[in-house]
Amino acid sequence: RRGNGLGMRVIATRRSSRDGPEFVDYVGLSSELLELAGQANVVVNALPLTDETRDILDAEFFATLPAGALFINIGRGETVVTDDLVSALQSGHVAGAGLDVTEPEPLPRDHPLLTLENLVIAPHLGSASHRTRQRMMEMTVENLAAGLAGTELPYRVLSN
């Protein structure tokens, strides 16, 4: 929405349909990812992590972007092959990146991403808003009340 408001031509991909909001000029399907990447001066990755999206943004993807493109990741770190992004940024083919998420997360202190001057890393706060913080507090209170009552927690984090 903001890009369109600033006069950008906004293109997107979806796997389910070509339907999109009025501010998107063209909605392509997943199979068009590389073709659309070749037209994108700025890429905003908001992909969820699935078997199909893991490592989907790789050396081929970054090489397909126009020289000087910008890359922003607000989706999941595991959708990006980090070494390939590092190479694209080091070569200058990708002019700069902004990452709210990384793989691995947190980054080790000696990670190559932390040496790049054409990169900004945010502390995984892209979803932060008054509403999300309010909802997090509500969920915490509900879990606390359930725990004190000895009942099952309504919001649990499950691990493998």
# chains A, B, ... in the order shown; residues from 1 in each chain; ligands from 1
>>> select_by_dssp(residues="region 59-124 of chain A", states="helix (DSSP H, G or I)", output="list in words")
Ala59, Glu60, Phe61, Phe62, Ala63, Thr64, Gly77, Glu78, Thr79, Thr82, Asp83, Asp84, Leu85, Val86, Ser87, Ala88, Leu89, Gln90, Ser91, Pro112, Leu113, Leu114 and Thr115 of chain A
>>> write_last_selection(atoms="C-alpha atoms", output="mmCIF file, in the first residue's frame")
data_model
loop_
_atom_site.group_PDB
_atom_site.id
_atom_site.type_symbol
_atom_site.label_atom_id
_atom_site.label_comp_id
_atom_site.auth_asym_id
_atom_site.auth_seq_id
_atom_site.Cartn_x
_atom_site.Cartn_y
_atom_site.Cartn_z
ATOM 1 C CA ALA A 59 21.552 -17.609 -5.559
ATOM 2 C CA GLU A 60 19.374 -17.999 -8.666
ATOM 3 C CA PHE A 61 16.749 -15.692 -7.171
ATOM 4 C CA PHE A 62 19.279 -13.005 -6.187
ATOM 5 C CA ALA A 63 21.018 -13.226 -9.581
ATOM 6 C CA THR A 64 17.656 -12.690 -11.287
ATOM 7 C CA GLY A 77 14.659 -16.362 7.889
ATOM 8 C CA GLU A 78 14.604 -19.949 6.635
ATOM 9 C CA THR A 79 13.061 -18.873 3.314
ATOM 10 C CA THR A 82 21.747 -16.785 3.922
ATOM 11 C CA ASP A 83 25.106 -17.530 2.275
ATOM 12 C CA ASP A 84 23.595 -16.630 -1.110
ATOM 13 C CA LEU A 85 22.262 -13.339 0.247
ATOM 14 C CA VAL A 86 25.674 -12.565 1.762
ATOM 15 C CA SER A 87 27.319 -13.202 -1.632
ATOM 16 C CA ALA A 88 24.787 -11.028 -3.460
ATOM 17 C CA LEU A 89 25.358 -8.185 -0.989
ATOM 18 C CA GLN A 90 29.163 -8.551 -1.031
ATOM 19 C CA SER A 91 29.216 -8.442 -4.827
ATOM 20 C CA PRO A 112 29.289 -12.603 7.870
ATOM 21 C CA LEU A 113 25.997 -10.673 7.765
ATOM 22 C CA LEU A 114 27.237 -8.574 10.668
ATOM 23 C CA THR A 115 30.237 -7.363 8.640
#
>>> select_by_dssp(residues="region 40-158 of chain A", states="strand (DSSP E)", output="JSON list (two decimals) with N, CA, C and O atoms, in the first residue's frame")
[["chain", "number", "residue", "atom", "x", "y", "z"],
["A", 42, "VAL", "N", 12.82, -3.47, -5.71],
["A", 42, "VAL", "CA", 12.71, -3.67, -4.27],
["A", 42, "VAL", "C", 11.88, -4.93, -4.06],
["A", 42, "VAL", "O", 10.80, -5.05, -4.61],
["A", 43, "VAL", "N", 12.41, -5.85, -3.27],
["A", 43, "VAL", "CA", 11.68, -7.07, -2.94],
["A", 43, "VAL", "C", 11.41, -7.08, -1.44],
["A", 43, "VAL", "O", 12.33, -6.89, -0.64],
["A", 44, "VAL", "N", 10.14, -7.29, -1.09],
["A", 44, "VAL", "CA", 9.77, -7.47, 0.31],
["A", 44, "VAL", "C", 9.29, -8.90, 0.46],
["A", 44, "VAL", "O", 8.28, -9.29, -0.13],
["A", 45, "ASN", "N", 10.04, -9.69, 1.20],
["A", 45, "ASN", "CA", 9.70, -11.08, 1.43],
["A", 45, "ASN", "C", 8.87, -11.20, 2.69],
["A", 45, "ASN", "O", 9.34, -10.90, 3.78],
["A", 69, "ALA", "N", 19.22, -3.86, -6.87],
["A", 69, "ALA", "CA", 17.96, -4.07, -6.17],
["A", 69, "ALA", "C", 18.16, -4.05, -4.65],
["A", 69, "ALA", "O", 19.26, -4.25, -4.15],
["A", 70, "LEU", "N", 17.06, -3.81, -3.95],
["A", 70, "LEU", "CA", 17.04, -3.87, -2.49],
["A", 70, "LEU", "C", 16.21, -5.06, -2.06],
["A", 70, "LEU", "O", 15.21, -5.40, -2.70],
["A", 71, "PHE", "N", 16.61, -5.69, -0.96],
["A", 71, "PHE", "CA", 15.91, -6.86, -0.45],
["A", 71, "PHE", "C", 15.54, -6.64, 1.00],
["A", 71, "PHE", "O", 16.38, -6.27, 1.82],
["A", 72, "ILE", "N", 14.26, -6.87, 1.32],
["A", 72, "ILE", "CA", 13.77, -6.73, 2.69],
["A", 72, "ILE", "C", 13.10, -8.04, 3.09],
["A", 72, "ILE", "O", 12.27, -8.56, 2.34],
["A", 73, "ASN", "N", 13.46, -8.56, 4.25],
["A", 73, "ASN", "CA", 12.84, -9.81, 4.72],
["A", 73, "ASN", "C", 12.11, -9.56, 6.03],
["A", 73, "ASN", "O", 12.72, -9.28, 7.06],
["A", 94, "VAL", "N", 23.06, -7.05, -5.23],
["A", 94, "VAL", "CA", 21.98, -6.55, -4.38],
["A", 94, "VAL", "C", 22.60, -5.39, -3.61],
["A", 94, "VAL", "O", 23.57, -5.55, -2.88],
["A", 95, "ALA", "N", 22.06, -4.20, -3.84],
["A", 95, "ALA", "CA", 22.67, -2.98, -3.29],
["A", 95, "ALA", "C", 22.55, -2.89, -1.78],
["A", 95, "ALA", "O", 23.42, -2.34, -1.12],
["A", 96, "GLY", "N", 21.48, -3.43, -1.23],
["A", 96, "GLY", "CA", 21.29, -3.34, 0.19],
["A", 96, "GLY", "C", 20.15, -4.24, 0.64],
["A", 96, "GLY", "O", 19.34, -4.68, -0.18],
["A", 97, "ALA", "N", 20.13, -4.50, 1.94],
["A", 97, "ALA", "CA", 19.07, -5.34, 2.48],
["A", 97, "ALA", "C", 18.69, -4.85, 3.87],
["A", 97, "ALA", "O", 19.50, -4.25, 4.58],
["A", 98, "GLY", "N", 17.45, -5.12, 4.21],
["A", 98, "GLY", "CA", 16.93, -4.89, 5.55],
["A", 98, "GLY", "C", 16.31, -6.18, 6.03],
["A", 98, "GLY", "O", 15.44, -6.73, 5.35],
["A", 99, "LEU", "N", 16.79, -6.70, 7.14],
["A", 99, "LEU", "CA", 16.31, -8.00, 7.63],
["A", 99, "LEU", "C", 15.70, -7.85, 9.02],
["A", 99, "LEU", "O", 16.37, -7.39, 9.95],
["A", 119, "LEU", "N", 23.70, -3.42, 4.88],
["A", 119, "LEU", "CA", 22.68, -4.23, 5.51],
["A", 119, "LEU", "C", 22.24, -3.60, 6.83],
["A", 119, "LEU", "O", 23.06, -3.11, 7.60],
["A", 120, "VAL", "N", 20.93, -3.62, 7.06],
["A", 120, "VAL", "CA", 20.35, -3.19, 8.34],
["A", 120, "VAL", "C", 19.61, -4.39, 8.90],
["A", 120, "VAL", "O", 18.83, -5.03, 8.19],
["A", 121, "ILE", "N", 19.87, -4.71, 10.15],
["A", 121, "ILE", "CA", 19.19, -5.82, 10.81],
["A", 121, "ILE", "C", 18.37, -5.27, 11.97],
["A", 121, "ILE", "O", 18.89, -4.55, 12.82]]
>>> residues_around(residues="Glu152 (chain A)", least_positions_apart="5", cutoff="12 Å", atoms="only C-alpha atoms", output="list of chain:residue names")
A:Glu142, A:Asn143, A:Leu144, A:Ala145, A:Ala146, A:Gly147
>>> residues_around(residues="Leu33 (chain A)", least_positions_apart="3", cutoff="12 Å", atoms="only C-alpha atoms", output="ChimeraX atom specification")
/A:11-15,27-30,36-40,43,45,53,56-58,60-62,64-65
>>> atom_distance(atom1="CA of Arg54 (chain A)", atom2="CA of Val81 (chain A)")
8.5 Å
>>> closest_residue(among="A:Pro108, A:Gly20, A:Pro66, A:Pro154", to="Glu138 (chain A)", atoms="only C-alpha atoms")
A:Pro154
>>> closest_residue(among="A:Arg18, A:Asp55, A:Val80, A:Arg135", to="Glu32 (chain A)", atoms="only C-alpha atoms")
A:Arg18
>>> residues_around(residues="Gly3 (chain A)", least_positions_apart="3", cutoff="10 Å", atoms="only C-alpha atoms", output="JSON list (two decimals) with C-alpha atoms, in the first residue's frame")
[["chain", "number", "residue", "atom", "x", "y", "z"],
["A", 6, "LEU", "CA", 4.69, 6.60, -3.32],
["A", 7, "GLY", "CA", 4.19, 5.91, -7.01],
["A", 8, "MET", "CA", 5.78, 2.45, -7.17],
["A", 9, "ARG", "CA", 4.45, -0.24, -9.46],
["A", 10, "VAL", "CA", 3.62, -3.03, -7.02],
["A", 23, "PHE", "CA", -2.90, -1.21, -4.76],
["A", 24, "VAL", "CA", -1.20, -4.23, -6.38],
["A", 42, "VAL", "CA", 12.71, -3.67, -4.27]]
>>> atom_distance(atom1="CA of Pro123 (chain A)", atom2="CA of Thr140 (chain A)")
21.1 Å
>>> atom_distance(atom1="CA of Asp100 (chain A)", atom2="CA of Ala46 (chain A)")
10.4 Å
>>> residues_around(residues="Ser127 (chain A)", least_positions_apart="4", cutoff="10 Å", atoms="only C-alpha atoms", output="list in words")
Ile74, Gly75, Asp100, Arg131, Thr132 and Arg133 of chain A
